[in-house]
$ cat coords-v6.cif   # mmCIF, C-alpha atoms; chains and numbers go by the auth columns
data_data
loop_
_atom_site.group_PDB
_atom_site.id
_atom_site.type_symbol
_atom_site.label_atom_id
_atom_site.label_comp_id
_atom_site.label_asym_id
_atom_site.label_seq_id
_atom_site.Cartn_x
_atom_site.Cartn_y
_atom_site.Cartn_z
_atom_site.B_iso_or_equiv
_atom_site.auth_seq_id
_atom_site.auth_asym_id
ATOM 1 C CA MET A 1 0.000 0.000 0.000 0.00 553 A
ATOM 2 C CA TYR A 2 1.560 3.272 -1.108 0.00 554 A
ATOM 3 C CA ASN A 3 1.510 6.406 0.995 0.00 555 A
ATOM 4 C CA ARG A 4 -1.029 8.858 -0.425 0.00 556 A
ATOM 5 C CA GLY A 5 0.201 11.804 1.606 0.00 557 A
ATOM 6 C CA ALA A 6 1.661 14.848 -0.138 0.00 558 A
ATOM 7 C CA MET A 7 3.320 18.005 1.102 0.00 559 A
ATOM 8 C CA PRO A 8 0.605 20.698 1.351 0.00 560 A
ATOM 9 C CA GLY A 9 1.160 23.336 -1.311 0.00 561 A
ATOM 10 C CA LEU A 10 3.938 21.366 -3.013 0.00 562 A
ATOM 11 C CA ARG A 11 5.651 23.261 -5.844 0.00 563 A
ATOM 12 C CA PHE A 12 6.736 20.860 -8.564 0.00 564 A
ATOM 13 C CA MET A 13 8.834 21.766 -11.614 0.00 565 A
ATOM 14 C CA ALA A 14 9.364 19.526 -14.640 0.00 566 A
ATOM 15 C CA VAL A 15 12.299 20.338 -16.948 0.00 567 A
ATOM 16 C CA PHE A 16 12.337 18.393 -20.209 0.00 568 A
ATOM 17 C CA ALA A 17 13.411 18.674 -23.828 0.00 569 A
ATOM 18 C CA HIS A 18 10.318 18.264 -26.015 0.00 570 A
ATOM 19 C CA PRO A 19 6.539 18.579 -25.773 0.00 571 A
ATOM 20 C CA ASP A 20 5.225 15.189 -24.553 0.00 572 A
ATOM 21 C CA ASP A 21 8.381 14.384 -22.533 0.00 573 A
ATOM 22 C CA GLU A 22 6.679 15.833 -19.469 0.00 574 A
ATOM 23 C CA THR A 23 3.649 13.590 -19.890 0.00 575 A
ATOM 24 C CA SER A 24 5.636 10.436 -20.577 0.00 576 A
ATOM 25 C CA ALA A 25 7.778 11.016 -17.481 0.00 577 A
ATOM 26 C CA VAL A 26 5.645 12.867 -14.936 0.00 578 A
ATOM 27 C CA GLY A 27 2.095 13.208 -16.280 0.00 579 A
ATOM 28 C CA GLY A 28 0.483 11.376 -13.387 0.00 580 A
ATOM 29 C CA THR A 29 2.559 13.242 -10.826 0.00 581 A
ATOM 30 C CA LEU A 30 1.587 16.593 -12.356 0.00 582 A
ATOM 31 C CA CYS A 31 -2.082 15.608 -12.081 0.00 583 A
ATOM 32 C CA ARG A 32 -1.693 14.540 -8.474 0.00 584 A
ATOM 33 C CA VAL A 33 0.209 17.667 -7.415 0.00 585 A
ATOM 34 C CA ILE A 34 -2.527 19.894 -8.846 0.00 586 A
ATOM 35 C CA ASP A 35 -5.347 17.716 -7.495 0.00 587 A
ATOM 36 C CA GLU A 36 -3.879 17.905 -3.990 0.00 588 A
ATOM 37 C CA GLY A 37 -3.589 21.685 -3.998 0.00 589 A
ATOM 38 C CA GLY A 38 -0.003 22.126 -5.161 0.00 590 A
ATOM 39 C CA GLU A 39 1.417 24.118 -8.043 0.00 591 A
ATOM 40 C CA ALA A 40 3.374 22.923 -11.059 0.00 592 A
ATOM 41 C CA LEU A 41 5.461 24.450 -13.810 0.00 593 A
ATOM 42 C CA VAL A 42 6.757 22.791 -16.973 0.00 594 A
ATOM 43 C CA VAL A 43 9.928 24.010 -18.672 0.00 595 A
ATOM 44 C CA THR A 44 10.389 22.746 -22.238 0.00 596 A
ATOM 45 C CA ALA A 45 13.585 23.337 -24.189 0.00 597 A
ATOM 46 C CA THR A 46 12.281 22.903 -27.747 0.00 598 A
ATOM 47 C CA ARG A 47 9.045 22.813 -29.716 0.00 599 A
ATOM 48 C CA GLY A 48 9.875 19.421 -31.218 0.00 600 A
ATOM 49 C CA GLU A 49 10.466 20.695 -34.739 0.00 601 A
ATOM 50 C CA GLN A 50 11.912 17.385 -35.951 0.00 602 A
ATOM 51 C CA GLY A 51 9.083 15.178 -34.728 0.00 603 A
ATOM 52 C CA THR A 52 6.687 13.173 -36.869 0.00 604 A
ATOM 53 C CA LEU A 53 4.205 15.021 -39.048 0.00 605 A
ATOM 54 C CA GLY A 54 0.901 13.641 -37.860 0.00 606 A
ATOM 55 C CA THR A 55 -0.929 10.446 -36.997 0.00 607 A
ATOM 56 C CA GLY A 56 -4.273 8.859 -37.784 0.00 608 A
ATOM 57 C CA GLY A 57 -4.608 10.469 -41.184 0.00 609 A
ATOM 58 C CA ARG A 58 -3.820 13.959 -39.890 0.00 610 A
ATOM 59 C CA ARG A 59 -0.816 15.507 -41.624 0.00 611 A
ATOM 60 C CA MET A 60 0.980 18.815 -41.267 0.00 612 A
ATOM 61 C CA SER A 61 3.983 20.555 -42.756 0.00 613 A
ATOM 62 C CA ARG A 62 7.386 20.700 -41.129 0.00 614 A
ATOM 63 C CA GLU A 63 6.954 24.481 -41.046 0.00 615 A
ATOM 64 C CA ASP A 64 3.716 24.195 -39.061 0.00 616 A
ATOM 65 C CA LEU A 65 4.862 21.474 -36.669 0.00 617 A
ATOM 66 C CA PRO A 66 6.405 23.705 -33.945 0.00 618 A
ATOM 67 C CA ALA A 67 3.161 25.649 -33.517 0.00 619 A
ATOM 68 C CA VAL A 68 1.154 22.412 -33.530 0.00 620 A
ATOM 69 C CA ARG A 69 3.308 20.803 -30.861 0.00 621 A
ATOM 70 C CA GLU A 70 3.249 23.922 -28.689 0.00 622 A
ATOM 71 C CA ALA A 71 -0.547 23.994 -28.938 0.00 623 A
ATOM 72 C CA GLU A 72 -0.674 20.309 -27.994 0.00 624 A
ATOM 73 C CA LEU A 73 1.544 20.962 -24.971 0.00 625 A
ATOM 74 C CA ARG A 74 -0.656 23.803 -23.790 0.00 626 A
ATOM 75 C CA GLU A 75 -3.803 21.688 -24.249 0.00 627 A
ATOM 76 C CA VAL A 76 -2.273 18.854 -22.232 0.00 628 A
ATOM 77 C CA LEU A 77 -1.215 21.108 -19.359 0.00 629 A
ATOM 78 C CA ARG A 78 -4.694 22.632 -19.236 0.00 630 A
ATOM 79 C CA SER A 79 -6.129 19.110 -19.041 0.00 631 A
ATOM 80 C CA TYR A 80 -3.977 18.535 -15.945 0.00 632 A
ATOM 81 C CA GLY A 81 -5.253 21.733 -14.354 0.00 633 A
ATOM 82 C CA LEU A 82 -2.029 23.736 -14.533 0.00 634 A
ATOM 83 C CA THR A 83 -2.673 27.462 -14.433 0.00 635 A
ATOM 84 C CA ALA A 84 0.892 28.486 -15.282 0.00 636 A
ATOM 85 C CA PRO A 85 1.764 28.364 -18.994 0.00 637 A
ATOM 86 C CA PRO A 86 4.837 26.351 -19.966 0.00 638 A
ATOM 87 C CA VAL A 87 8.206 28.066 -20.048 0.00 639 A
ATOM 88 C CA LEU A 88 9.428 27.545 -23.613 0.00 640 A
ATOM 89 C CA LEU A 89 13.168 28.054 -23.965 0.00 641 A
ATOM 90 C CA GLY A 90 12.925 28.205 -27.762 0.00 642 A
ATOM 91 C CA TYR A 91 15.825 25.985 -28.797 0.00 643 A
ATOM 92 C CA ARG A 92 15.415 23.921 -31.940 0.00 644 A
ATOM 93 C CA ASP A 93 14.746 20.209 -31.728 0.00 645 A
ATOM 94 C CA GLN A 94 17.991 18.213 -32.053 0.00 646 A
ATOM 95 C CA GLU A 95 19.988 21.421 -31.547 0.00 647 A
ATOM 96 C CA ALA A 96 19.578 21.854 -27.782 0.00 648 A
ATOM 97 C CA ARG A 97 22.740 19.800 -27.452 0.00 649 A
ATOM 98 C CA ASP A 98 24.595 22.530 -29.403 0.00 650 A
ATOM 99 C CA ALA A 99 23.319 25.450 -27.340 0.00 651 A
ATOM 100 C CA ASP A 100 25.668 27.212 -24.925 0.00 652 A
ATOM 101 C CA PRO A 101 25.289 25.156 -21.706 0.00 653 A
ATOM 102 C CA ALA A 102 25.919 28.210 -19.537 0.00 654 A
ATOM 103 C CA GLU A 103 23.118 30.085 -21.282 0.00 655 A
ATOM 104 C CA VAL A 104 20.630 27.221 -20.953 0.00 656 A
ATOM 105 C CA THR A 105 21.576 26.686 -17.308 0.00 657 A
ATOM 106 C CA ALA A 106 21.097 30.383 -16.553 0.00 658 A
ATOM 107 C CA ARG A 107 17.636 30.408 -18.132 0.00 659 A
ATOM 108 C CA VAL A 108 16.525 27.300 -16.245 0.00 660 A
ATOM 109 C CA LEU A 109 17.946 28.754 -13.034 0.00 661 A
ATOM 110 C CA ASP A 110 15.955 31.954 -13.612 0.00 662 A
ATOM 111 C CA ALA A 111 12.784 29.840 -13.870 0.00 663 A
ATOM 112 C CA MET A 112 13.665 28.045 -10.623 0.00 664 A
ATOM 113 C CA ARG A 113 14.332 31.303 -8.800 0.00 665 A
ATOM 114 C CA ALA A 114 10.981 32.681 -9.921 0.00 666 A
ATOM 115 C CA PHE A 115 8.931 29.534 -9.198 0.00 667 A
ATOM 116 C CA LYS A 116 10.789 28.293 -6.081 0.00 668 A
ATOM 117 C CA PRO A 117 10.140 24.561 -6.562 0.00 669 A
ATOM 118 C CA ASP A 118 10.209 22.018 -3.762 0.00 670 A
ATOM 119 C CA VAL A 119 10.856 19.260 -6.305 0.00 671 A
ATOM 120 C CA VAL A 120 12.525 19.432 -9.720 0.00 672 A
ATOM 121 C CA ALA A 121 12.104 16.468 -12.053 0.00 673 A
ATOM 122 C CA THR A 122 14.158 16.005 -15.199 0.00 674 A
ATOM 123 C CA PHE A 123 16.020 13.404 -17.224 0.00 675 A
ATOM 124 C CA GLY A 124 18.838 11.340 -15.781 0.00 676 A
ATOM 125 C CA PRO A 125 22.287 10.986 -17.385 0.00 677 A
ATOM 126 C CA LEU A 126 21.052 8.704 -20.191 0.00 678 A
ATOM 127 C CA GLY A 127 17.974 10.758 -20.962 0.00 679 A
ATOM 128 C CA ILE A 128 15.930 7.495 -20.842 0.00 680 A
ATOM 129 C CA SER A 129 16.130 7.147 -24.640 0.00 681 A
ATOM 130 C CA ARG A 130 19.728 8.416 -25.000 0.00 682 A
ATOM 131 C CA HIS A 131 18.483 11.308 -27.153 0.00 683 A
ATOM 132 C CA ASP A 132 21.161 14.016 -27.304 0.00 684 A
ATOM 133 C CA ASP A 133 18.685 16.763 -26.390 0.00 685 A
ATOM 134 C CA HIS A 134 17.516 14.768 -23.362 0.00 686 A
ATOM 135 C CA ILE A 135 21.093 14.335 -22.170 0.00 687 A
ATOM 136 C CA ALA A 136 21.857 18.028 -22.699 0.00 688 A
ATOM 137 C CA ILE A 137 18.817 19.028 -20.648 0.00 689 A
ATOM 138 C CA HIS A 138 19.866 16.626 -17.897 0.00 690 A
ATOM 139 C CA HIS A 139 23.186 18.427 -17.533 0.00 691 A
ATOM 140 C CA THR A 140 21.798 21.967 -17.635 0.00 692 A
ATOM 141 C CA ALA A 141 18.847 21.211 -15.340 0.00 693 A
ATOM 142 C CA ARG A 142 21.181 19.522 -12.869 0.00 694 A
ATOM 143 C CA GLU A 143 23.593 22.473 -12.851 0.00 695 A
ATOM 144 C CA ALA A 144 20.723 24.927 -12.444 0.00 696 A
ATOM 145 C CA PHE A 145 19.234 22.882 -9.608 0.00 697 A
ATOM 146 C CA TYR A 146 22.432 22.766 -7.576 0.00 698 A
ATOM 147 C CA ALA A 147 22.879 26.525 -7.965 0.00 699 A
ATOM 148 C CA TYR A 148 19.259 27.041 -6.901 0.00 700 A
ATOM 149 C CA ALA A 149 19.596 24.667 -3.932 0.00 701 A
ATOM 150 C CA ALA A 150 22.738 26.465 -2.758 0.00 702 A
ATOM 151 C CA GLU A 151 20.934 29.814 -2.865 0.00 703 A
ATOM 152 C CA ALA A 152 17.686 28.610 -1.309 0.00 704 A
ATOM 153 C CA GLN A 153 19.043 28.029 2.231 0.00 705 A
ATOM 154 C CA ARG A 154 15.811 26.316 3.249 0.00 706 A
ATOM 155 C CA GLU A 155 15.195 24.197 6.303 0.00 707 A
ATOM 156 C CA THR A 156 13.788 21.511 4.013 0.00 708 A
ATOM 157 C CA PRO A 157 16.093 21.263 1.002 0.00 709 A
ATOM 158 C CA PRO A 158 14.611 21.084 -2.497 0.00 710 A
ATOM 159 C CA ARG A 159 14.670 17.672 -4.142 0.00 711 A
ATOM 160 C CA LEU A 160 16.053 16.663 -7.533 0.00 712 A
ATOM 161 C CA TRP A 161 14.407 13.680 -9.210 0.00 713 A
ATOM 162 C CA TYR A 162 15.446 11.847 -12.350 0.00 714 A
ATOM 163 C CA ALA A 163 12.828 10.004 -14.370 0.00 715 A
ATOM 164 C CA ALA A 164 13.569 6.321 -13.726 0.00 716 A
ATOM 165 C CA ILE A 165 12.038 2.976 -14.596 0.00 717 A
ATOM 166 C CA ASP A 166 11.641 -0.059 -12.409 0.00 718 A
ATOM 167 C CA MET A 167 13.000 -2.586 -14.900 0.00 719 A
ATOM 168 C CA SER A 168 11.162 -5.419 -13.180 0.00 720 A
ATOM 169 C CA VAL A 169 7.860 -3.983 -14.413 0.00 721 A
ATOM 170 C CA GLY A 170 8.811 -1.709 -17.315 0.00 722 A
ATOM 171 C CA GLY A 171 11.690 -3.584 -18.881 0.00 723 A
ATOM 172 C CA ASP A 172 9.626 -4.750 -21.856 0.00 724 A
ATOM 173 C CA ILE A 173 9.521 -1.320 -23.504 0.00 725 A
ATOM 174 C CA ASP A 174 11.124 -1.680 -26.928 0.00 726 A
ATOM 175 C CA GLY A 175 14.643 -0.305 -27.201 0.00 727 A
ATOM 176 C CA LEU A 176 14.950 0.533 -23.511 0.00 728 A
ATOM 177 C CA GLU A 177 18.484 -0.035 -22.239 0.00 729 A
ATOM 178 C CA LEU A 178 19.054 1.625 -18.886 0.00 730 A
ATOM 179 C CA ASP A 179 21.506 1.427 -16.059 0.00 731 A
ATOM 180 C CA GLY A 180 22.655 3.714 -13.261 0.00 732 A
ATOM 181 C CA PRO A 181 20.114 5.961 -11.531 0.00 733 A
ATOM 182 C CA GLU A 182 17.518 5.661 -14.300 0.00 734 A
ATOM 183 C CA ALA A 183 17.299 1.918 -13.654 0.00 735 A
ATOM 184 C CA SER A 184 17.354 2.386 -9.862 0.00 736 A
ATOM 185 C CA PRO A 185 14.199 4.198 -8.756 0.00 737 A
ATOM 186 C CA ASN A 186 14.002 5.060 -5.090 0.00 738 A
ATOM 187 C CA VAL A 187 10.905 7.282 -5.170 0.00 739 A
ATOM 188 C CA TYR A 188 7.516 5.755 -6.009 0.00 740 A
ATOM 189 C CA VAL A 189 4.653 8.210 -6.503 0.00 741 A
ATOM 190 C CA ASP A 190 1.177 6.695 -6.392 0.00 742 A
ATOM 191 C CA VAL A 191 -0.623 7.876 -9.550 0.00 743 A
ATOM 192 C CA ALA A 192 -3.160 5.051 -9.805 0.00 744 A
ATOM 193 C CA ASP A 193 -6.020 7.561 -9.914 0.00 745 A
ATOM 194 C CA TYR A 194 -4.407 9.422 -12.818 0.00 746 A
ATOM 195 C CA TRP A 195 -3.052 6.649 -15.034 0.00 747 A
ATOM 196 C CA ARG A 196 -5.836 6.866 -17.602 0.00 748 A
ATOM 197 C CA LYS A 197 -5.660 10.650 -17.573 0.00 749 A
ATOM 198 C CA LYS A 198 -1.968 10.367 -18.439 0.00 750 A
ATOM 199 C CA SER A 199 -2.602 8.010 -21.360 0.00 751 A
ATOM 200 C CA GLY A 200 -5.412 10.288 -22.535 0.00 752 A
ATOM 201 C CA ALA A 201 -3.039 13.255 -22.432 0.00 753 A
ATOM 202 C CA LEU A 202 -0.578 11.379 -24.615 0.00 754 A
ATOM 203 C CA ARG A 203 -3.420 10.878 -27.093 0.00 755 A
ATOM 204 C CA LEU A 204 -3.708 14.673 -27.288 0.00 756 A
ATOM 205 C CA TYR A 205 -0.248 14.721 -28.901 0.00 757 A
ATOM 206 C CA ARG A 206 -1.914 13.828 -32.179 0.00 758 A
ATOM 207 C CA SER A 207 1.098 14.867 -34.234 0.00 759 A
ATOM 208 C CA GLN A 208 3.429 12.315 -32.660 0.00 760 A
ATOM 209 C CA GLU A 209 3.648 8.610 -33.454 0.00 761 A
ATOM 210 C CA ASP A 210 5.744 7.784 -30.395 0.00 762 A
ATOM 211 C CA ALA A 211 3.218 9.483 -28.095 0.00 763 A
ATOM 212 C CA GLN A 212 0.430 7.388 -29.602 0.00 764 A
ATOM 213 C CA GLU A 213 2.507 4.232 -29.245 0.00 765 A
ATOM 214 C CA PHE A 214 3.284 4.961 -25.601 0.00 766 A
ATOM 215 C CA ALA A 215 -0.371 5.764 -24.940 0.00 767 A
ATOM 216 C CA ALA A 216 -1.303 2.355 -26.342 0.00 768 A
ATOM 217 C CA TYR A 217 1.310 0.728 -24.093 0.00 769 A
ATOM 218 C CA LEU A 218 -0.113 2.486 -21.032 0.00 770 A
ATOM 219 C CA GLU A 219 -3.641 1.524 -22.000 0.00 771 A
ATOM 220 C CA ALA A 220 -2.565 -2.122 -22.131 0.00 772 A
ATOM 221 C CA ASN A 221 -0.411 -2.045 -18.981 0.00 773 A
ATOM 222 C CA PHE A 222 -1.530 -0.487 -15.706 0.00 774 A
ATOM 223 C CA PHE A 223 1.152 0.777 -13.323 0.00 775 A
ATOM 224 C CA ALA A 224 0.175 2.238 -9.961 0.00 776 A
ATOM 225 C CA CYS A 225 3.246 4.470 -9.700 0.00 777 A
ATOM 226 C CA GLU A 226 5.524 6.824 -11.549 0.00 778 A
ATOM 227 C CA THR A 227 9.085 6.180 -10.446 0.00 779 A
ATOM 228 C CA PHE A 228 12.090 8.420 -9.945 0.00 780 A
ATOM 229 C CA HIS A 229 15.628 8.371 -8.643 0.00 781 A
ATOM 230 C CA GLN A 230 16.224 11.068 -6.038 0.00 782 A
ATOM 231 C CA GLU A 231 19.607 12.615 -6.727 0.00 783 A
ATOM 232 C CA HIS A 232 19.412 15.283 -4.013 0.00 784 A
ATOM 233 C CA PRO A 233 19.265 15.068 -1.087 0.00 785 A
ATOM 234 C CA ALA A 234 20.806 11.627 -1.422 0.00 786 A
ATOM 235 C CA LEU A 235 18.788 8.795 0.070 0.00 787 A
ATOM 236 C CA ALA A 236 20.421 5.986 1.986 0.00 788 A
ATOM 237 C CA GLU A 237 21.431 3.156 -0.308 0.00 789 A
ATOM 238 C CA GLY A 238 18.618 0.659 -0.631 0.00 790 A
ATOM 239 C CA SER A 239 15.982 2.974 0.852 0.00 791 A
ATOM 240 C CA VAL A 240 12.721 3.764 -0.949 0.00 792 A
ATOM 241 C CA THR A 241 10.444 6.761 -0.498 0.00 793 A
ATOM 242 C CA LEU A 242 6.716 6.377 -1.108 0.00 794 A
ATOM 243 C CA GLY A 243 4.577 9.334 -2.106 0.00 795 A
ATOM 244 C CA LEU A 244 5.477 12.993 -2.621 0.00 796 A
#

$ encode --input "coords-v6.cif" --output "structure tokens"
Amino acid sequence: MYNRGAMPGLRFMAVFAHPDDETSAVGGTLCRVIDEGGEALVVTATRGEQGTLGTGGRRMSREDLPAVREAELREVLRSYGLTAPPVLLGYRDQEARDADPAEVTARVLDAMRAFKPDVVATFGPLGISRHDDHIAIHHTAREAFYAYAAEAQRETPPRLWYAAIDMSVGGDIDGLELDGPEASPNVYVDVADYWRKKSGALRLYRSQEDAQEFAAYLEANFFACETFHQEHPALAEGSVTLGL
């Protein structure tokens, strides 16, 4: 039985590379934070310009895709109940890796200073899929977080979570090859009440084949939790935290 308790007024920030990353990694957690009276902010590095050009008979031009994906992201966040619009950093898909890391870090840090998150969730060192943009965002989000944590001087330190997968239950996802923190979750967030809402949100990314494929996977496989590896503050080896 997982702990349903959450920190009252929790402020949760998700920092990812492309529209739909946030839903794949933390969609259920975003829903739960909002449902339990917290606040959430999503920071997205790109508009996914190099993604697929439609699904289910719907097609769009490469030129139109960034606007389509941004609109999909905004629709998804509204469906979760977020009142804050996403922070769009404006880098081009597959070029975030080439951006000046100091510049990206500074912009993410500015967002953290303004929002004051209790928890920051982002990609781990492998970016789950080993996408170069995912890995780049891992490094810049991590650097920004540690600068933010050093400045915050709070009695309860902010937490840094990496999206992680319990390979004993999610190891059948095609092409998934993980090790390190992303294969070693130590935080399990009960999102059983929001699992179908998460898969439905992925369906709203109508432009993207991989979002539709992952939605189908979630519809066929029910998982009670979203899982993370807490990087900071470090947890004792072998310990597991339940809930938010």

$ closest_residue --input "coords-v6.cif" --among "A:Arg748, A:Arg706, A:Arg649, A:Arg711" --to "Ala566 in chain A" --atoms "only C-alpha atoms"
A:Arg711

$ residues_around --input "coords-v6.cif" --residues "Arg644 in chain A" --least-positions-apart "4" --cutoff "9 Å" --atoms "all atoms listed in the file" --output "list in words"
Ala597, Thr598, Arg599, Gly600, Glu601, Gln602 and Ala648 of chain A

$ residues_around --input "coords-v6.cif" --residues "Leu770 in chain A" --least-positions-apart "6" --cutoff "10 Å" --atoms "only C-alpha atoms" --output "list of chain:residue names"
A:Ser576, A:Trp747, A:Arg748, A:Lys750, A:Ser751, A:Gly752, A:Leu754, A:Gln764

$ atom_distance --input "coords-v6.cif" --atom1 "CA of Thr779 in chain A" --atom2 "CA of Tyr740 in chain A"
4.7 Å

$ residues_around --input "coords-v6.cif" --residues "range 581-587 of chain A" --least-positions-apart "3" --cutoff "10 Å" --atoms "all atoms listed in the file" --output "PyMOL selection string"
chain A and resi 556+558-566+574-575+577-578+590-594+629+631-635+741-747+749-750+777-779+795-796

$ closest_residue --input "coords-v6.cif" --among "A:Asp718, A:Ala569, A:Val792, A:Glu707" --to "Ala776 in chain A" --atoms "all atoms listed in the file"
A:Asp718

$ atom_distance --input "coords-v6.cif" --atom1 "CA of Glu655 in chain A" --atom2 "CA of Asp572 in chain A"
23.5 Å

$ resolve_selection --input "coords-v6.cif" --expression "the PyMOL selection byres ((chain A and resi 783) around 10)" --output "list in words"
Ala673, Gly676, Arg694, Arg711, Leu712, Trp713, Tyr714, Pro733, Asn738, Phe780, His781, Gln782, His784, Pro785, Ala786 and Leu787 of chain A

$ resolve_selection --input "coords-v6.cif" --expression "the PyMOL selection byres ((chain A and resi 692) around 8)" --output "PyMOL selection string"
chain A and resi 653-654+656-657+660+688-691+693-696

$ write_last_selection --input "coords-v6.cif" --atoms "C-alpha atoms" --output "CSV table (one decimal), in the frame of the given file"
chain,number,residue,atom,x,y,z
A,653,PRO,CA,25.3,25.2,-21.7
A,654,ALA,CA,25.9,28.2,-19.5
A,656,VAL,CA,20.6,27.2,-21.0
A,657,THR,CA,21.6,26.7,-17.3
A,660,VAL,CA,16.5,27.3,-16.2
A,688,ALA,CA,21.9,18.0,-22.7
A,689,ILE,CA,18.8,19.0,-20.6
A,690,HIS,CA,19.9,16.6,-17.9
A,691,HIS,CA,23.2,18.4,-17.5
A,693,ALA,CA,18.8,21.2,-15.3
A,694,ARG,CA,21.2,19.5,-12.9
A,695,GLU,CA,23.6,22.5,-12.9
A,696,ALA,CA,20.7,24.9,-12.4

$ residues_near_point --input "coords-v6.cif" --point "(19.8, 4.5, -14.3)" --cutoff "9 Å" --atoms "only C-alpha atoms" --output "list of chain:residue names"
A:Gly676, A:Pro677, A:Leu678, A:Ile680, A:Tyr714, A:Ala715, A:Ala716, A:Ile717, A:Leu730, A:Asp731, A:Gly732, A:Pro733, A:Glu734, A:Ala735, A:Ser736, A:Pro737, A:His781

$ closest_residue --input "coords-v6.cif" --among "A:Glu765, A:Glu771, A:Ser759, A:Glu588" --to "Gly606 in chain A" --atoms "all atoms listed in the file"
A:Ser759

$ decode --input "coords-v6.cif" --residues "range 628-633 of chain A" --atoms "all heavy atoms" --output "PDB file, in the first residue's frame"
ATOM      1  N   VAL A 628      -2.530  19.898 -23.219  1.00  0.00           N
ATOM      2  CA  VAL A 628      -2.273  18.854 -22.232  1.00  0.00           C
ATOM      3  C   VAL A 628      -2.159  19.449 -20.832  1.00  0.00           C
ATOM      4  O   VAL A 628      -2.760  18.948 -19.871  1.00  0.00           O
ATOM      5  CB  VAL A 628      -1.003  18.064 -22.607  1.00  0.00           C
ATOM      6  CG1 VAL A 628      -0.487  17.258 -21.415  1.00  0.00           C
ATOM      7  CG2 VAL A 628      -1.284  17.141 -23.785  1.00  0.00           C
ATOM      8  N   LEU A 629      -1.398  20.521 -20.689  1.00  0.00           N
ATOM      9  CA  LEU A 629      -1.215  21.108 -19.359  1.00  0.00           C
ATOM     10  C   LEU A 629      -2.532  21.649 -18.814  1.00  0.00           C
ATOM     11  O   LEU A 629      -2.796  21.549 -17.609  1.00  0.00           O
ATOM     12  CB  LEU A 629      -0.141  22.194 -19.398  1.00  0.00           C
ATOM     13  CG  LEU A 629       1.268  21.722 -19.803  1.00  0.00           C
ATOM     14  CD1 LEU A 629       2.280  22.838 -19.603  1.00  0.00           C
ATOM     15  CD2 LEU A 629       1.686  20.473 -19.041  1.00  0.00           C
ATOM     16  N   ARG A 630      -3.364  22.205 -19.684  1.00  0.00           N
ATOM     17  CA  ARG A 630      -4.694  22.632 -19.236  1.00  0.00           C
ATOM     18  C   ARG A 630      -5.514  21.437 -18.751  1.00  0.00           C
ATOM     19  O   ARG A 630      -6.258  21.536 -17.763  1.00  0.00           O
ATOM     20  CB  ARG A 630      -5.431  23.365 -20.351  1.00  0.00           C
ATOM     21  CG  ARG A 630      -4.925  24.778 -20.615  1.00  0.00           C
ATOM     22  CD  ARG A 630      -5.889  25.561 -21.485  1.00  0.00           C
ATOM     23  NE  ARG A 630      -6.050  24.969 -22.806  1.00  0.00           N
ATOM     24  CZ  ARG A 630      -5.314  25.285 -23.863  1.00  0.00           C
ATOM     25  NH1 ARG A 630      -4.337  26.185 -23.753  1.00  0.00           N
ATOM     26  NH2 ARG A 630      -5.530  24.720 -25.034  1.00  0.00           N
ATOM     27  N   SER A 631      -5.380  20.301 -19.444  1.00  0.00           N
ATOM     28  CA  SER A 631      -6.129  19.110 -19.041  1.00  0.00           C
ATOM     29  C   SER A 631      -5.703  18.626 -17.661  1.00  0.00           C
ATOM     30  O   SER A 631      -6.487  17.995 -16.950  1.00  0.00           O
ATOM     31  CB  SER A 631      -5.961  17.984 -20.072  1.00  0.00           C
ATOM     32  OG  SER A 631      -4.731  17.300 -19.931  1.00  0.00           O
ATOM     33  N   TYR A 632      -4.461  18.901 -17.273  1.00  0.00           N
ATOM     34  CA  TYR A 632      -3.977  18.535 -15.945  1.00  0.00           C
ATOM     35  C   TYR A 632      -4.416  19.535 -14.868  1.00  0.00           C
ATOM     36  O   TYR A 632      -4.285  19.252 -13.680  1.00  0.00           O
ATOM     37  CB  TYR A 632      -2.450  18.479 -15.930  1.00  0.00           C
ATOM     38  CG  TYR A 632      -1.832  17.367 -16.736  1.00  0.00           C
ATOM     39  CD1 TYR A 632      -0.518  17.483 -17.202  1.00  0.00           C
ATOM     40  CD2 TYR A 632      -2.519  16.204 -17.029  1.00  0.00           C
ATOM     41  CE1 TYR A 632       0.073  16.466 -17.923  1.00  0.00           C
ATOM     42  CE2 TYR A 632      -1.934  15.188 -17.754  1.00  0.00           C
ATOM     43  CZ  TYR A 632      -0.639  15.324 -18.205  1.00  0.00           C
ATOM     44  OH  TYR A 632      -0.057  14.317 -18.928  1.00  0.00           O
ATOM     45  N   GLY A 633      -4.845  20.709 -15.305  1.00  0.00           N
ATOM     46  CA  GLY A 633      -5.253  21.733 -14.354  1.00  0.00           C
ATOM     47  C   GLY A 633      -4.183  22.746 -14.032  1.00  0.00           C
ATOM     48  O   GLY A 633      -4.353  23.552 -13.107  1.00  0.00           O
TER      49      GLY A 633
END
